[in-house]
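Chemist: One structure, as structure tokens, below. Some questions next.
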Amino acid sequence: MSILQAPRAVVMIRPHHFRSNPDTQADNAFQIATNQPEQVRNLALKEFDTAVTQLRTAGVTVHVFDDETQDTPDSVFPNNWFSTHAGGHIAIYPMFASNRRQERRWDVIETLKQHYRVQDVIDYSGLEEDGLALEGTGAMVLDHIGRIAYTVKSNRADPVLLERFCTHFNYEPMAFEARDANGRDIYHSNVLMGIGTEFALICLSMITDPSRRGEIAKRLEETGRNVIDLSQDQIANFAGNCFELTGNDRLLALSARALDALTSTQVAAIEQSTRLLPISIPTLETAGGSVRCMLAGIHLSPRERTML
């Protein structure tokens with residue numbers, strides 16, 4: 001079973017002070033302001049722990065780190081500040097919102113070095129001082145097989161930094177503009193689309209340039225994927241925010257809300273190659289992200305443990 005697109009392990013951050021981030025509400029149309037902070041925190045922790053249990057039961061290795069910091073309301077979404085890549089490479093990213101910059105944790109990187117073969121760490125985070133941001137696999141949806149970085153243009157995905165990343169990590173950049181029915185920019189690419197080994201979920205109608213829309217659909221098809229076109233309503237329910245993983249079998253992790261939004265035809269198309277794993281996280285989704293955002297995929301080779 002190929003695992004190039006679907007990693008066997010993920011990093012997840014348990015958020016002890018979860019809340020909707022006021023610093024990101026201006027450009028995240030998926031976000032919902034919440035009150036009753038203690039109740040929200042407790043519900044978020046329960047949803048998180050249930051998600052971890054579901055993934056581990058499905059055979060996925062989950063590395064969990066606790067976040068006790070009160071100033072990092074979005075820490076549950078670690079895929080924005082780092083990514084890992086086959087061959088032993090890690091990238092660290094600059095973040096747009098200042099309070100999200102505190103999510104970066106070197107203890108996470110050091111733990112990965114202990115368990116996996118890491119050749120180098122390329123740290124782009126210093127470019128925040130120049131006003132640049134590229135928020136990891138939120139800003140970019142990476143086709144690890146076709147080596148393409150699909151990227152919605154936004155203040156969270158600087159085009160110069162995108163080119164630099166693609167040069168370092170050997171991806172072809174495919175940047176495009178995308179907006180919802182109300183004309184609001186899509187803030188992260190991974191709410192618009194998700195790429196599996198044999199299929200791709202994407203809302204083509206949100207791509208504003210018709211010619212670019214056709215180019216992207218063609219590239220996805222050229223890499224052998226069945227393109228499953230999503231509606232804008234399905235995107236609003238996080239149907240694009242999914243992540244293919246390898247556990248006991250190949251599975252697609254997505255929220256229960258996202259699965260409910262899919263049609264039976266779309267479900268059947270996915271299930272030709274992948275088992276669906278719905279995870280109920282309604283509280284966590286009020287922060288404007290869903291299951292994909294919670295999972296930082298580990299595309300590194302495990303270290304061999306020798307018995308003493």
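Just remember, in the structure tokens the first chain shown is A, the second B, etc., residues are 1-based per chain, and ligands are 1-based in the order shown.
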Might you pull out every residue within 10 Å of Glu222 of chain A, with only C-alpha atoms counted and same-chain residues fewer than 5 positions away left off, and present them as a tab-separated table (two decimals) with N, CA, C and O atoms, in the first residue's frame?

Modeler:
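Wrote around_8.tsv, looks like this:
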chain	number	residue	atom	x	y	z
A	146	GLY	N	2.35	13.88	-7.32
A	146	GLY	CA	2.59	14.71	-8.50
A	146	GLY	C	3.52	15.88	-8.26
A	146	GLY	O	3.88	16.59	-9.20
A	216	ILE	N	-6.47	23.44	-13.17
A	216	ILE	CA	-6.32	22.71	-11.92
A	216	ILE	C	-7.04	21.37	-11.99
A	216	ILE	O	-6.51	20.33	-11.59
A	217	ALA	N	-8.25	21.36	-12.54
A	217	ALA	CA	-8.97	20.10	-12.71
A	217	ALA	C	-8.19	19.14	-13.61
A	217	ALA	O	-8.09	17.94	-13.32

Chemist: Using DSSP secondary structure from the backbone, list all strand (DSSP E or B) positions within segment 139-265 of chain A, as JSON, numbers by chain.

Modeler: {"A": [140, 141, 142, 143, 148, 149, 150, 151, 152, 154, 157, 172, 173, 174, 175, 176, 178, 179, 185, 193, 194, 195, 199, 200, 201, 202, 207, 226, 227, 228, 229, 243, 244, 245, 246, 250, 251, 252, 253, 254, 255]}

Chemist: Go ahead and write the residues just picked, C-alpha atoms, as a PDB file, in the first residue's frame.

Modeler:
ATOM      1  CA  MET A 140      -0.785  24.740   0.654  1.00  0.00           C
ATOM      2  CA  VAL A 141      -2.470  21.460  -0.246  1.00  0.00           C
ATOM      3  CA  LEU A 142       0.422  19.256  -1.284  1.00  0.00           C
ATOM      4  CA  ASP A 143       0.237  16.549  -3.895  1.00  0.00           C
ATOM      5  CA  ILE A 148       2.369  20.090  -6.860  1.00  0.00           C
ATOM      6  CA  ALA A 149       1.567  22.712  -4.194  1.00  0.00           C
ATOM      7  CA  TYR A 150      -2.005  23.919  -4.751  1.00  0.00           C
ATOM      8  CA  THR A 151      -2.277  27.308  -3.049  1.00  0.00           C
ATOM      9  CA  VAL A 152      -5.099  29.830  -2.708  1.00  0.00           C
ATOM     10  CA  SER A 154      -4.223  35.133   0.479  1.00  0.00           C
ATOM     11  CA  ALA A 157       0.284  32.517   1.545  1.00  0.00           C
ATOM     12  CA  GLU A 172       5.512  22.939  -8.578  1.00  0.00           C
ATOM     13  CA  PRO A 173       3.525  25.938  -7.298  1.00  0.00           C
ATOM     14  CA  MET A 174      -0.043  26.272  -8.562  1.00  0.00           C
ATOM     15  CA  ALA A 175      -1.481  29.455  -7.058  1.00  0.00           C
ATOM     16  CA  PHE A 176      -4.990  30.696  -7.737  1.00  0.00           C
ATOM     17  CA  ALA A 178     -10.766  31.543  -4.700  1.00  0.00           C
ATOM     18  CA  ARG A 179     -13.810  33.187  -3.130  1.00  0.00           C
ATOM     19  CA  ASP A 185     -11.554  35.254  -0.028  1.00  0.00           C
ATOM     20  CA  MET A 193      -9.698  20.963  -1.287  1.00  0.00           C
ATOM     21  CA  GLY A 194      -8.199  17.708  -0.062  1.00  0.00           C
ATOM     22  CA  ILE A 195      -6.037  15.325  -2.084  1.00  0.00           C
ATOM     23  CA  PHE A 199      -9.116  11.027  -5.605  1.00  0.00           C
ATOM     24  CA  ALA A 200      -9.299  14.757  -4.957  1.00  0.00           C
ATOM     25  CA  LEU A 201     -12.108  16.681  -3.287  1.00  0.00           C
ATOM     26  CA  ILE A 202     -12.334  20.286  -4.483  1.00  0.00           C
ATOM     27  CA  ILE A 207     -11.859  29.275  -8.232  1.00  0.00           C
ATOM     28  CA  ASN A 226     -10.888  10.986  -9.608  1.00  0.00           C
ATOM     29  CA  VAL A 227     -11.915  14.637  -9.178  1.00  0.00           C
ATOM     30  CA  ILE A 228     -14.921  14.901  -6.851  1.00  0.00           C
ATOM     31  CA  ASP A 229     -16.403  18.368  -7.282  1.00  0.00           C
ATOM     32  CA  PHE A 243      -6.901  14.034   5.342  1.00  0.00           C
ATOM     33  CA  GLU A 244      -6.074  10.621   3.922  1.00  0.00           C
ATOM     34  CA  LEU A 245      -4.087   8.495   6.375  1.00  0.00           C
ATOM     35  CA  THR A 246      -2.750   4.966   6.575  1.00  0.00           C
ATOM     36  CA  ARG A 250      -6.296   3.461   4.092  1.00  0.00           C
ATOM     37  CA  LEU A 251      -8.746   5.903   5.618  1.00  0.00           C
ATOM     38  CA  LEU A 252     -10.053   9.416   5.083  1.00  0.00           C
ATOM     39  CA  ALA A 253     -10.339  11.400   8.311  1.00  0.00           C
ATOM     40  CA  LEU A 254     -13.012  14.097   8.170  1.00  0.00           C
ATOM     41  CA  SER A 255     -15.588  15.568  10.498  1.00  0.00           C
TER      42      SER A 255
END

Chemist: Using atom CA of Gly59 of chain A and atom CA of Thr197 of chain A as the two end points, give the distance in Å to one decimal.

Modeler: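 Computed distance, atom CA of Gly59 of chain A to atom CA of Thr197 of chain A, equals 18.2 Å.
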
Chemist: Hey, what's within 10 Å of His89 of chain A if we count only C-alpha atoms and toss same-chain stuff fewer than 4 positions away? As a ChimeraX atom specification, please?

Modeler: /A:83-85,117-122,168-169,299-300

Chemist: Please determine, counting only C-alpha atoms, which residue among A:Asn42, A:Asn80, A:Gln114, A:Ser189 has the shortest atom-to-atom distance to Arg101 of chain A.

Modeler: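 Using only C-alpha atoms, the shortest distance to Arg101 of chain A belongs to A:Asn80.
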
Chemist: Taking the DSSP secondary structure from the backbone, can you list the residues of segment 9-121 of chain A that are alpha helix (DSSP H), as an MDAnalysis selection string?

Modeler: chainID A and resid 37:57 106:115

Chemist: Record the distance separating atom CA of Trp81 of chain A and atom CA of Ala296 of chain A, expressed in Å with one decimal.

Modeler: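 Atom-to-atom, atom CA of Trp81 of chain A and atom CA of Ala296 of chain A are spaced 9.1 Å apart.
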
Chemist: Extract, using only C-alpha atoms, all DNA, RNA and protein residues at most 12 Å from Arg100 of chain A, discarding same-chain residues fewer than 6 positions from it, and format them as JSON, numbers by chain.

Modeler: {"A": [21, 22, 23, 24, 69, 70, 71, 72, 73, 74, 75, 76, 77, 78, 79, 80, 81, 93, 94, 125, 128, 133, 135, 156]}

Chemist: For Met294 of chain A, which residue out of A:Val11, A:Ile90, A:Leu134, A:Ala268 is the nearest one, using only C-alpha atoms?

Modeler: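 Comparing A:Val11, A:Ile90, A:Leu134, A:Ala268 against Met294 of chain A, the winner is A:Val11.
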